[in-house]
Amino acid sequence: MNDHAGMPVLEPAEGAKDQHMVINMGPQHPATHGVLRLVLEIDGEIIVRIYPEIGYLHTGIEKTCEAKFYHQVVPLTDRINYLDPLSNNLCYALTVEKLLSLEIPPKAQWMRVLLAELSRLNSHLIWLGTHAMDIGALTVFLYTFREREDILRLFEAVAGQRMMLSYIRIGGLSMEPPLDFFDRVQAFIRIFPEKIDEYANLLTGNPIFRNRLVGVGHLSAEDAVALGVTGPPLRASGVDFDLRRDMPYSSYEKFQFNVPTSTACDCWARYEVRLVEMRESVKIIQQALDGMPEGPVKADAPKIVLPDREKMKTQMEALIHHFKIVTEGFTVPAGEVYQGIEAGHGMTGYYIVSDGTAKPYRVHMRYPSFPTLQALEVMCKGRMLADVVAVIGSIDIVLGEIDR
Amino acid sequence: MADSPTLLGKAAVVAGLPDHPAIKAILTGNADALTDAKFDFNELTLTIAPEQIRAACFAMQAAGYNFFEDLTAVDWFPAAPRFQLSYHLTSFAMKDRVRLRVMLDDAEPAVESITPVWAGANYYEREVFDLFGIRFEEHPNLRRIMMPEEWVGHPLRKDYPVEGYR
């Protein structure tokens with residue numbers, strides 16, 4: 001556990017002033033995945049202390065949400081974890097729907113599962129490419145971004161946007177997917193498992209990659225739970241917990257998949273767990289495609305869900321509802337709810353407090369990278385400076401979700 | 001979404017959920033610690049007396065709620081008591097989540113830090129301190145985390161101006 005419990009490293013420890021050195025890593029460092037600043041106290045090349053200095057990307061999204069209508073918050077959520085946008089949309093929509101006690105049609109729920117898994121693949125592909133690149137295996141980056149481009153094209157087909165989708169809305173989806181969408185997803189996941197083999201072929205047997213990861217960044221299960229680490233790093237420390245299976249949401253209970261775990265607790269275990277997770281995501285997407293129900297993709301709640309364009313042209317009520325929702329929003333019953341989902345990086349949660357008006361009284365986002373960063377010192381202490389880069393890559397942090 | 005029964009008030013929740021491990025754990029430790037409770041939207045909320053929160057967290061941890069998931073605050077300005085702290089605790093084994101709630105008055109809001117229970121609460125308590133100005137006693141490093149060190153004010157408070165020049 002942290003001896004210093006996050007005390008700032010401003011000068012070398014007493015008694016080691018002539019031997020230890022304090023250096024900054026970041027905020028402008030290519031291996032810190034954004035604007036992360038680490039203040040390191042080092043003894044030669046050995047890490048003595050690490051103090052993460054965060055907040056460079058703080059934009060006050062939680063405060064902004066308080067001034068928006070409920071439906072206007074959806075595009076803000078995309079921008080928090082910009083690598084896994086649909087998980088953010090999904091988590092926010094589920095939380096508001098819980099407050100509204102809104103019934104979501106089966107097709108929308110299955111589409112949400114399909115899209116959340118594509119989003120997870122997107123997130124894991126970026127992780128794999130950048131993680132390998134940080135360690136010096138540049139080639140993999142080009143391979144993973146090739147497949148990520150396919151996923152972004154699928155996103156573009158459904159939402160018109162590549163990264164900030166806002167496709168999952170309160171009450172369902174923003175619109176029907178295009179006619180050829182399911183065929184395109186099918187074509188993608190038919191070839192994708194071979195691509196995972198290709199990445200594994202480049203990395204798993206690679207002695208340099210192995211030596212940089214095996215035994216590096218050890219995080220015991222007790223430390224992982226105590227420090228709030230979730231997602232693949234938690235499962236790589238041997239704790240078998242995945243919200244998709246254990247506290248299912250959005251029909252995940254109807255899907256069969258395995259939750260990979262490992263007891264090796266090191267960076268290599270995190271690599272292996274995520275690689276298996278990608279294969280499991282493909283299985284979930286296949287099940288979603290095979291069993292996709294028929295029906296609408298929006299809930300039957302005209303006062304909450306925007307009407308179809310066609311109805312607005314022919315029906316007076318639809319036009320009135322559209323006008324009311326856009327100008328006045330919709331009221332949400334007073335109360336407080338918390339909804340957690342398993343996003344690509346770990347357990348994401350939204351906590352919304354409503355006072356019965358059309359704007360949320362308080363929105364709080366729990367994002368997995370924020371607590372995971374606390375575990376950095378435990379994982380790096382006593383290791384070489386170069387291992388910090390491997391560990392940051394293996395916990396897969398996104399600064400947008402740390403600073404919010 | 002299936003309709004779940006709504007229980008409001010301590011007596012109703014204790015009577016309605018007699019076997020719930022979280023309620024048992026809190027009541028066994030110190031029956032006065034639980035001041036209010038509710039069960040709505042399928043979520044259990046237990047209001048804990050402010051000076052009892054650390055003991056309550058230890059009791060919850062012993063009862064199987066092994067994971068500290070989230071901590072945040074709500075500012076009910078100008079109502080009194082003004083601040084609400086919401087702790088979300090999860091049990092991996094029971095697959096259950098419970099919210100502990102602490103209400104604090106406006107004048108110098110402070111509460112015991114739960115970092116001795118879960119070291120992972122460190123960043124969350126710093127965030128609440130930074131954005132709401134609630135102090136956590138015996139926190140190892142209570143300093144601003146999001147805003148710059150020299151910042152004045154606590155931006156997520158409801159009386160914090162959102163327009164005009166600083």
# chains A, B, ... in the order shown; residues from 1 in each chain; ligands from 1
$ interface_residues --of "chain B" --to "chain A" --cutoff "7 Å" --atoms "only C-alpha atoms" --output "ChimeraX atom specification"
/B:1,41,67-70,74,92,95,118-120,123,140-141,145-147,156
$ select_by_dssp --residues "range 326-356 of chain A" --states "strand (DSSP E)" --output "number ranges by chain"
A: 335-342, 347-354
$ atom_distance --atom1 "CA of Pro307 in chain A" --atom2 "CA of Thr331 in chain A"
17.2 Å
$ residues_around --residues "range 74-76 of chain A" --least-positions-apart "3" --cutoff "10 Å" --atoms "only C-alpha atoms" --output "list in words"
Ile61, Glu62, Thr64, Cys65, Lys68, Phe69, Tyr70, His71, Arg79, Ile80, Pro85, Asn88, Asn89, Leu90, Tyr92, Ala93, Met164, Leu165, Ser166, Tyr167, Ile168, Arg169 and Ile170 of chain A
$ atom_distance --atom1 "CA of Gln19 in chain A" --atom2 "CA of Arg37 in chain A"
22.7 Å
$ atom_distance --atom1 "CA of Ala31 in chain B" --atom2 "CA of Asn122 in chain B"
27.8 Å
